[in-house]
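Below: one structure, written as structure tokens.
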Amino acid sequence: MEADFSLARERMVKTQLIPRGIKDPDVLEAMKSVPRHLFVEEALWGEAYNDHPLPIGEKQTISQPYIVALMTEALELSGNEKTLEIGTGSGYQTAILAQLSRKVYTVERIRPLMTAARKTLAELGYANILFKAFDGTLGWEEHAPYDAIIVAAGAPKIPEPLLEQLALGGRLVIPVGNRFSQELIRVTRKEKEVFTRKEFGGCRFVDLIGIHGWKS
Ligand code: SAH
């Protein structure tokens, strides 16, 4: 069975990621190794490596593999980062980040999702992840600043606390737009008060809900 899934992962990388321009060898390797099917219910295992998002309960979704790869590549991780993730969801993206960062701090507003993700990631042996059930539009001040911040839900605007919690040289990747479509944006903190911005194309995420996000 696991052999079939490892073939499915390889096919996913070859047909969905490389042709669309994902190049970072470490990102491709992580996508090839993390068992995505274990982050969805067993009835969906057969679809886990397909080119679309899947439901994970609580009206939330695990992002399409390409979007996970694109956002991770945009973070330009070297392996040494303190990374903050907003929107743990299933924990799949968390696993990819944990392989490519020194430490991952992940925040999820729906506690049952956080609990399930924590269990899956512990079973897989990840030991460099800290979890918090909280409104991630406020960031996670206690451990700031972060070298990389990723937001896995669509925001009406960039939450100010996330910019404040970005280290010098740090990168923030976030989908920003209305509730139906967003633009994937990377903000880099060049100096204390100087931020540059690059766009990575259109996407569609579930809502980022919180004080600096959508109201509900
Ligand atoms: N990366 C996830 C996908 C998560 S979907 C995965 O790989 O499975 C987006 C998640 O963001 C949902 O679980 C949703 O509950 C969460 N979310 C939305 N607003 C949030 C907020 N303000 N703080 C923390 N999590 C939030």
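By convention in this document, the chains of the structure tokens carry letters A, B, ... by their order, each chain's residues are numbered from 1, and ligands are numbered from 1 in the order they are shown.
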Could you list, as a CSV table (one decimal) with C-alpha atoms, in the first residue's frame, all residues that come within 6 Å of ligand 1? Count only C-alpha atoms and all ligand atoms.
chain,number,residue,atom,x,y,z
A,60,GLN,CA,-12.1,23.6,5.9
A,61,THR,CA,-9.9,22.1,3.2
A,62,ILE,CA,-6.4,20.8,2.7
A,63,SER,CA,-4.9,22.9,-0.1
A,86,ILE,CA,-1.4,30.5,10.4
A,87,GLY,CA,-4.1,27.9,9.6
A,88,THR,CA,-2.8,24.5,10.6
A,89,GLY,CA,-5.8,22.7,9.2
A,90,SER,CA,-4.9,19.1,8.6
A,91,GLY,CA,-1.2,19.7,9.4
A,92,TYR,CA,0.0,18.7,5.9
A,93,GLN,CA,1.6,22.1,5.1
A,107,VAL,CA,-1.7,28.4,14.9
A,108,GLU,CA,-5.2,27.2,14.2
A,109,ARG,CA,-8.5,28.8,15.4
A,110,ILE,CA,-10.5,25.5,15.4
A,134,PHE,CA,-5.8,30.9,18.8
A,135,ASP,CA,-6.6,33.7,16.4
A,136,GLY,CA,-3.6,33.7,14.1
A,137,THR,CA,-4.3,37.2,12.7
A,152,ALA,CA,-3.1,29.4,4.6
A,153,ALA,CA,-6.4,31.2,4.6
A,206,VAL,CA,-11.1,29.5,2.8
A,207,ASP,CA,-11.6,32.7,4.9
A,208,LEU,CA,-9.0,33.9,7.4
A,209,ILE,CA,-11.4,34.7,10.3
A,210,GLY,CA,-10.2,36.9,13.1
Quick one: everything within 12 Å of Gly125 in chain A, counting only C-alpha atoms, minus sequence neighbours fewer than 3 positions away in the same chain. Send it as a short mmCIF file (atom, residue, chain, number, x, y, z; two decimals) with N, CA, C and O atoms, in the first residue's frame.
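Contents of the output file result-v6.cif:
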data_model
loop_
_atom_site.label_atom_id
_atom_site.label_comp_id
_atom_site.auth_asym_id
_atom_site.auth_seq_id
_atom_site.Cartn_x
_atom_site.Cartn_y
_atom_site.Cartn_z
N VAL A 34 6.39 13.52 2.15
CA VAL A 34 5.34 13.61 3.18
C VAL A 34 4.08 12.86 2.74
O VAL A 34 3.55 13.10 1.66
N ALA A 95 3.80 19.82 8.06
CA ALA A 95 4.82 18.77 7.90
C ALA A 95 5.87 19.19 6.88
O ALA A 95 7.08 19.03 7.10
N ALA A 98 8.01 21.78 8.46
CA ALA A 98 8.86 21.22 9.52
C ALA A 98 10.09 20.54 8.93
O ALA A 98 11.15 20.51 9.56
N GLN A 99 9.96 20.02 7.71
CA GLN A 99 11.13 19.39 7.07
C GLN A 99 12.11 20.43 6.55
O GLN A 99 13.28 20.11 6.34
N ARG A 118 -2.08 17.73 15.46
CA ARG A 118 -0.98 17.45 16.40
C ARG A 118 -0.75 15.94 16.53
O ARG A 118 0.38 15.47 16.56
N LYS A 119 -1.86 15.18 16.55
CA LYS A 119 -1.76 13.73 16.68
C LYS A 119 -1.09 13.12 15.44
O LYS A 119 -0.15 12.33 15.55
N THR A 120 -1.55 13.53 14.27
CA THR A 120 -0.97 12.99 13.02
C THR A 120 0.53 13.29 12.95
O THR A 120 1.33 12.41 12.63
N LEU A 121 0.89 14.53 13.28
CA LEU A 121 2.30 14.94 13.15
C LEU A 121 3.17 14.25 14.20
O LEU A 121 4.33 13.91 13.92
N ALA A 122 2.61 14.00 15.38
CA ALA A 122 3.37 13.28 16.41
C ALA A 122 3.60 11.84 15.97
O ALA A 122 4.70 11.30 16.10
N ASN A 128 9.75 19.18 15.95
CA ASN A 128 10.13 20.60 15.92
C ASN A 128 8.93 21.50 15.63
O ASN A 128 9.06 22.52 14.98
N ILE A 129 7.75 21.09 16.13
CA ILE A 129 6.53 21.87 15.88
C ILE A 129 5.86 22.23 17.20
O ILE A 129 5.68 21.37 18.07
#
Query - Test item: residues at most 12 Å from Ile18 in chain A, only C-alpha atoms, excluding those fewer than 4 positions along its chain, as a count of residues only - result: 18
Query raised in the report: Within 10 Å of Ile149 in chain A, counting only C-alpha atoms, which residues qualify if same-chain residues fewer than 4 places away don't, as a list in words?
Result: Leu75, Glu81, Lys82, Thr83, Leu84, Glu85, Ile86, Val104, Tyr105, Thr106, Gly139, Pro145, Leu162, Leu163, Gln165, Leu166, Ala167, Gly170, Arg171, Leu172, Val173, Ile174, Arg186 and Val187 of chain A
Report task. Enter the distance from CA of Phe205 in chain A to CA of Ile158 in chain A, in Å, rounded to one decimal. Result ->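 Taking CA of Phe205 in chain A as the start and CA of Ile158 in chain A as the end point, the length is 14.6 Å.
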